[in-house]
Amino acid sequence: MATSLGTTPGGTTPTGLTPAGTTPESEKGAEFQEHEKILSPDFLSVAQITEMLAEDVDGVQQKLQKFLSFKNLQTCLKEASLLDYYVSGFLWARGMDFSIIQHSKFMTLLNMLLHNLRTLHMSLEDSIKWLGEVMAEIGPSRSQKYEEWNTFDVKQANAIVDYLKISLFQHYKLYEFLFYSAREEILIGTEPLLSIYHHC
């Protein structure tokens, strides 16, 4: 599985300014290469996404469990929660009738948001800001300079933001506990219930 890095999208050359020694064509090529770095490398391959698109709900879960190498779903709260996060996201994307490339970028976005939280300890405020920067790159371009680069249209981009509000941002504290707690303190209940899960 590819490891995604939570980096902030880079800037581009301001409109109307062409660096010395370059042509508009070479400038466009350089910007295209920079654009291609957004949400790369892919979290899931085209082949993996194609396989899952042919499956029902249980099949999607089984495929993702295999792709993510999750082996302790019955005892590991973290694995169970992460699998649910990715399965729910994939099924939502399929319901949006996304293309394979759109599925790929969306699933990579889901993964990078968790990476930023888990590895960079990014706050909720910073995650929302980061999402806005990424969507500005892969969503509809305000300037329409290179419209063919847009991965998502306005309706799709807004739907993605709305989905992330209820799927991740609304429960951000719970995911922080999931990644940072010494044991699964996210479960509040009796000790026998807690003892079902182990730190993983």
# chains A, B, ... in the order shown; residues from 1 in each chain; ligands from 1
call {"tool": "residues_around", "arguments": {"residues": "stretch 96-98 of chain A", "least_positions_apart": "4", "cutoff": "10 Å", "atoms": "only C-alpha atoms", "output": "PyMOL selection string"}}
result
chain A and resi 90-92+102-104+106+152+156+159-160
call {"tool": "write_last_selection", "arguments": {"atoms": "all heavy atoms", "output": "mmCIF file, in the first residue's frame"}}
result
data_model
loop_
_atom_site.group_PDB
_atom_site.id
_atom_site.type_symbol
_atom_site.label_atom_id
_atom_site.label_comp_id
_atom_site.auth_asym_id
_atom_site.auth_seq_id
_atom_site.Cartn_x
_atom_site.Cartn_y
_atom_site.Cartn_z
ATOM 1 N N PHE A 90 -15.765 4.835 0.423
ATOM 2 C CA PHE A 90 -15.820 4.250 -0.915
ATOM 3 C C PHE A 90 -17.260 4.091 -1.385
ATOM 4 O O PHE A 90 -17.582 4.401 -2.537
ATOM 5 C CB PHE A 90 -15.111 2.899 -0.941
ATOM 6 C CG PHE A 90 -15.059 2.274 -2.306
ATOM 7 C CD1 PHE A 90 -14.049 2.600 -3.204
ATOM 8 C CD2 PHE A 90 -16.036 1.377 -2.717
ATOM 9 C CE1 PHE A 90 -14.014 2.054 -4.484
ATOM 10 C CE2 PHE A 90 -16.011 0.813 -3.985
ATOM 11 C CZ PHE A 90 -14.992 1.152 -4.871
ATOM 12 N N LEU A 91 -18.120 3.610 -0.493
ATOM 13 C CA LEU A 91 -19.522 3.414 -0.872
ATOM 14 C C LEU A 91 -20.190 4.753 -1.171
ATOM 15 O O LEU A 91 -21.033 4.855 -2.066
ATOM 16 C CB LEU A 91 -20.262 2.668 0.239
ATOM 17 C CG LEU A 91 -19.805 1.223 0.479
ATOM 18 C CD1 LEU A 91 -20.536 0.627 1.682
ATOM 19 C CD2 LEU A 91 -20.028 0.363 -0.766
ATOM 20 N N TRP A 92 -19.824 5.789 -0.422
ATOM 21 C CA TRP A 92 -20.371 7.114 -0.692
ATOM 22 C C TRP A 92 -19.935 7.591 -2.077
ATOM 23 O O TRP A 92 -20.739 8.114 -2.849
ATOM 24 C CB TRP A 92 -19.914 8.110 0.376
ATOM 25 C CG TRP A 92 -20.410 9.503 0.122
ATOM 26 C CD1 TRP A 92 -21.626 10.022 0.474
ATOM 27 C CD2 TRP A 92 -19.707 10.547 -0.574
ATOM 28 N NE1 TRP A 92 -21.725 11.319 0.041
ATOM 29 C CE2 TRP A 92 -20.557 11.675 -0.604
ATOM 30 C CE3 TRP A 92 -18.454 10.640 -1.161
ATOM 31 C CZ2 TRP A 92 -20.187 12.886 -1.203
ATOM 32 C CZ3 TRP A 92 -18.084 11.831 -1.763
ATOM 33 C CH2 TRP A 92 -18.937 12.937 -1.782
ATOM 34 N N GLN A 102 -11.695 9.654 -10.167
ATOM 35 C CA GLN A 102 -12.276 10.402 -9.052
ATOM 36 C C GLN A 102 -12.310 9.556 -7.784
ATOM 37 O O GLN A 102 -12.034 10.066 -6.686
ATOM 38 C CB GLN A 102 -13.682 10.882 -9.425
ATOM 39 C CG GLN A 102 -13.679 11.999 -10.450
ATOM 40 C CD GLN A 102 -15.080 12.347 -10.933
ATOM 41 O OE1 GLN A 102 -15.972 11.486 -11.007
ATOM 42 N NE2 GLN A 102 -15.295 13.609 -11.265
ATOM 43 N N HIS A 103 -12.648 8.270 -7.923
ATOM 44 C CA HIS A 103 -12.572 7.369 -6.769
ATOM 45 C C HIS A 103 -11.157 7.368 -6.205
ATOM 46 O O HIS A 103 -10.949 7.420 -4.984
ATOM 47 C CB HIS A 103 -12.946 5.934 -7.180
ATOM 48 C CG HIS A 103 -14.404 5.634 -7.115
ATOM 49 N ND1 HIS A 103 -15.254 5.889 -8.168
ATOM 50 C CD2 HIS A 103 -15.170 5.095 -6.131
ATOM 51 C CE1 HIS A 103 -16.483 5.510 -7.844
ATOM 52 N NE2 HIS A 103 -16.463 5.026 -6.605
ATOM 53 N N SER A 104 -10.175 7.286 -7.087
ATOM 54 C CA SER A 104 -8.780 7.222 -6.665
ATOM 55 C C SER A 104 -8.385 8.461 -5.869
ATOM 56 O O SER A 104 -7.804 8.363 -4.789
ATOM 57 C CB SER A 104 -7.871 7.067 -7.892
ATOM 58 O OG SER A 104 -6.509 7.119 -7.510
ATOM 59 N N PHE A 106 -10.370 10.632 -4.388
ATOM 60 C CA PHE A 106 -11.156 10.762 -3.166
ATOM 61 C C PHE A 106 -10.632 9.844 -2.072
ATOM 62 O O PHE A 106 -10.494 10.263 -0.908
ATOM 63 C CB PHE A 106 -12.629 10.455 -3.453
ATOM 64 C CG PHE A 106 -13.496 10.507 -2.222
ATOM 65 C CD1 PHE A 106 -13.764 11.715 -1.598
ATOM 66 C CD2 PHE A 106 -14.034 9.349 -1.682
ATOM 67 C CE1 PHE A 106 -14.549 11.775 -0.453
ATOM 68 C CE2 PHE A 106 -14.818 9.395 -0.548
ATOM 69 C CZ PHE A 106 -15.082 10.609 0.067
ATOM 70 N N PHE A 152 -12.823 17.317 -10.041
ATOM 71 C CA PHE A 152 -14.217 17.362 -9.603
ATOM 72 C C PHE A 152 -14.857 18.680 -10.027
ATOM 73 O O PHE A 152 -14.199 19.722 -10.038
ATOM 74 C CB PHE A 152 -14.307 17.223 -8.077
ATOM 75 C CG PHE A 152 -13.704 15.951 -7.545
ATOM 76 C CD1 PHE A 152 -12.444 15.954 -6.965
ATOM 77 C CD2 PHE A 152 -14.399 14.762 -7.617
ATOM 78 C CE1 PHE A 152 -11.881 14.782 -6.480
ATOM 79 C CE2 PHE A 152 -13.850 13.583 -7.138
ATOM 80 C CZ PHE A 152 -12.584 13.591 -6.570
ATOM 81 N N GLN A 156 -19.674 18.317 -7.146
ATOM 82 C CA GLN A 156 -18.948 17.204 -6.539
ATOM 83 C C GLN A 156 -18.019 17.692 -5.421
ATOM 84 O O GLN A 156 -17.934 17.068 -4.362
ATOM 85 C CB GLN A 156 -18.140 16.471 -7.606
ATOM 86 C CG GLN A 156 -18.991 15.709 -8.612
ATOM 87 C CD GLN A 156 -18.187 15.231 -9.800
ATOM 88 O OE1 GLN A 156 -17.166 15.819 -10.159
ATOM 89 N NE2 GLN A 156 -18.631 14.151 -10.425
ATOM 90 N N ALA A 159 -20.010 18.509 -2.410
ATOM 91 C CA ALA A 159 -20.513 17.273 -1.793
ATOM 92 C C ALA A 159 -19.408 16.595 -0.983
ATOM 93 O O ALA A 159 -19.657 16.058 0.103
ATOM 94 C CB ALA A 159 -21.047 16.326 -2.863
ATOM 95 N N ILE A 160 -18.181 16.604 -1.497
ATOM 96 C CA ILE A 160 -17.051 16.010 -0.782
ATOM 97 C C ILE A 160 -16.817 16.730 0.537
ATOM 98 O O ILE A 160 -16.632 16.096 1.593
ATOM 99 C CB ILE A 160 -15.784 16.053 -1.651
ATOM 100 C CG1 ILE A 160 -15.895 15.037 -2.793
ATOM 101 C CG2 ILE A 160 -14.530 15.765 -0.816
ATOM 102 C CD1 ILE A 160 -14.778 15.148 -3.820
#
call {"tool": "residues_around", "arguments": {"residues": "A:Val154", "least_positions_apart": "2", "cutoff": "12 Å", "atoms": "only C-alpha atoms", "output": "PyMOL selection string"}}
result
chain A and resi 135-136+138-142+150-152+156-161
call {"tool": "closest_residue", "arguments": {"among": "A:Leu64, A:Ile101, A:Leu113, A:Ile49", "to": "A:Leu83", "atoms": "only C-alpha atoms"}}
result
A:Leu64
call {"tool": "atom_distance", "arguments": {"atom1": "atom CA of A:Thr108", "atom2": "atom CA of A:Ser45"}}
result
10.1 Å
call {"tool": "atom_distance", "arguments": {"atom1": "atom CA of A:Leu120", "atom2": "atom CA of A:Lys78"}}
result
17.9 Å
call {"tool": "closest_residue", "arguments": {"among": "A:Arg94, A:Lys66, A:His171, A:Lys105", "to": "A:Leu53", "atoms": "only C-alpha atoms"}}
result
A:Arg94
call {"tool": "closest_residue", "arguments": {"among": "A:Leu178, A:Val87, A:Leu164, A:Ile100", "to": "A:Gly59", "atoms": "only C-alpha atoms"}}
result
A:Val87
call {"tool": "residues_around", "arguments": {"residues": "A:Gln61", "least_positions_apart": "5", "cutoff": "12 Å", "atoms": "only C-alpha atoms", "output": "number ranges by chain"}}
result
A: 51-53, 55-56, 66-70, 73, 80, 82-91
call {"tool": "write_last_selection", "arguments": {"atoms": "N, CA, C and O atoms", "output": "tab-separated table (two decimals), in the first residue's frame"}}
result
chain	number	residue	atom	x	y	z
A	51	GLU	N	-11.74	-3.52	-8.97
A	51	GLU	CA	-12.21	-4.74	-8.31
A	51	GLU	C	-13.36	-4.43	-7.36
A	51	GLU	O	-14.38	-5.12	-7.34
A	52	MET	N	-13.20	-3.38	-6.55
A	52	MET	CA	-14.20	-3.05	-5.54
A	52	MET	C	-15.49	-2.54	-6.16
A	52	MET	O	-16.57	-2.74	-5.59
A	53	LEU	N	-15.40	-1.86	-7.29
A	53	LEU	CA	-16.60	-1.35	-7.94
A	53	LEU	C	-17.54	-2.47	-8.39
A	53	LEU	O	-18.74	-2.25	-8.56
A	55	GLU	N	-18.08	-5.16	-6.57
A	55	GLU	CA	-18.50	-5.90	-5.38
A	55	GLU	C	-19.72	-5.26	-4.71
A	55	GLU	O	-19.99	-4.07	-4.87
A	56	ASP	N	-20.44	-6.09	-3.91
A	56	ASP	CA	-21.49	-5.55	-3.06
A	56	ASP	C	-20.83	-5.01	-1.79
A	56	ASP	O	-19.60	-4.99	-1.68
A	66	LYS	N	-8.42	-6.81	2.92
A	66	LYS	CA	-7.26	-7.47	2.32
A	66	LYS	C	-6.22	-6.46	1.86
A	66	LYS	O	-5.02	-6.60	2.15
A	67	PHE	N	-6.65	-5.41	1.15
A	67	PHE	CA	-5.72	-4.41	0.64
A	67	PHE	C	-4.97	-3.70	1.76
A	67	PHE	O	-3.80	-3.34	1.62
A	68	LEU	N	-5.67	-3.48	2.90
A	68	LEU	CA	-5.07	-2.76	4.02
A	68	LEU	C	-4.35	-3.67	5.00
A	68	LEU	O	-3.79	-3.21	5.98
A	69	SER	N	-4.41	-4.98	4.73
A	69	SER	CA	-3.75	-5.98	5.58
A	69	SER	C	-4.24	-5.92	7.03
A	69	SER	O	-3.46	-6.03	7.98
A	70	PHE	N	-5.55	-5.74	7.21
A	70	PHE	CA	-6.14	-5.75	8.53
A	70	PHE	C	-6.47	-7.19	8.90
A	70	PHE	O	-7.25	-7.84	8.21
A	73	LEU	N	-9.63	-7.49	13.16
A	73	LEU	CA	-10.83	-6.66	13.26
A	73	LEU	C	-11.67	-6.96	14.49
A	73	LEU	O	-12.34	-6.08	15.03
A	80	ALA	N	-10.82	-1.83	13.11
A	80	ALA	CA	-12.25	-1.86	12.83
A	80	ALA	C	-12.76	-0.47	12.46
A	80	ALA	O	-13.55	-0.31	11.52
A	82	LEU	N	-10.95	2.14	11.27
A	82	LEU	CA	-10.37	2.59	10.01
A	82	LEU	C	-11.02	1.91	8.83
A	82	LEU	O	-11.26	2.53	7.79
A	83	LEU	N	-11.31	0.61	8.96
A	83	LEU	CA	-11.97	-0.10	7.87
A	83	LEU	C	-13.34	0.50	7.60
A	83	LEU	O	-13.73	0.72	6.44
A	84	ASP	N	-14.08	0.81	8.66
A	84	ASP	CA	-15.39	1.42	8.51
A	84	ASP	C	-15.27	2.79	7.82
A	84	ASP	O	-16.08	3.14	6.97
A	85	TYR	N	-14.24	3.55	8.18
A	85	TYR	CA	-14.00	4.87	7.59
A	85	TYR	C	-13.78	4.77	6.08
A	85	TYR	O	-14.39	5.52	5.30
A	86	TYR	N	-12.94	3.83	5.67
A	86	TYR	CA	-12.64	3.69	4.25
A	86	TYR	C	-13.79	3.05	3.47
A	86	TYR	O	-14.09	3.46	2.34
A	87	VAL	N	-14.44	2.04	4.06
A	87	VAL	CA	-15.57	1.39	3.38
A	87	VAL	C	-16.70	2.40	3.18
A	87	VAL	O	-17.27	2.50	2.08
A	88	SER	N	-17.02	3.14	4.22
A	88	SER	CA	-18.09	4.14	4.12
A	88	SER	C	-17.76	5.18	3.05
A	88	SER	O	-18.63	5.58	2.27
A	89	GLY	N	-16.50	5.61	3.02
A	89	GLY	CA	-16.08	6.60	2.04
A	89	GLY	C	-16.20	6.07	0.62
A	89	GLY	O	-16.68	6.77	-0.28
A	90	PHE	N	-15.77	4.83	0.42
A	90	PHE	CA	-15.82	4.25	-0.91
A	90	PHE	C	-17.26	4.09	-1.39
A	90	PHE	O	-17.58	4.40	-2.54
A	91	LEU	N	-18.12	3.61	-0.49
A	91	LEU	CA	-19.52	3.41	-0.87
A	91	LEU	C	-20.19	4.75	-1.17
A	91	LEU	O	-21.03	4.85	-2.07
call {"tool": "closest_residue", "arguments": {"among": "A:Asp153, A:Ser99, A:Glu79, A:Leu168", "to": "A:Ile128", "atoms": "only C-alpha atoms"}}
result
A:Leu168
call {"tool": "atom_distance", "arguments": {"atom1": "atom CA of A:Gln48", "atom2": "atom CA of A:Asp162"}}
result
25.8 Å
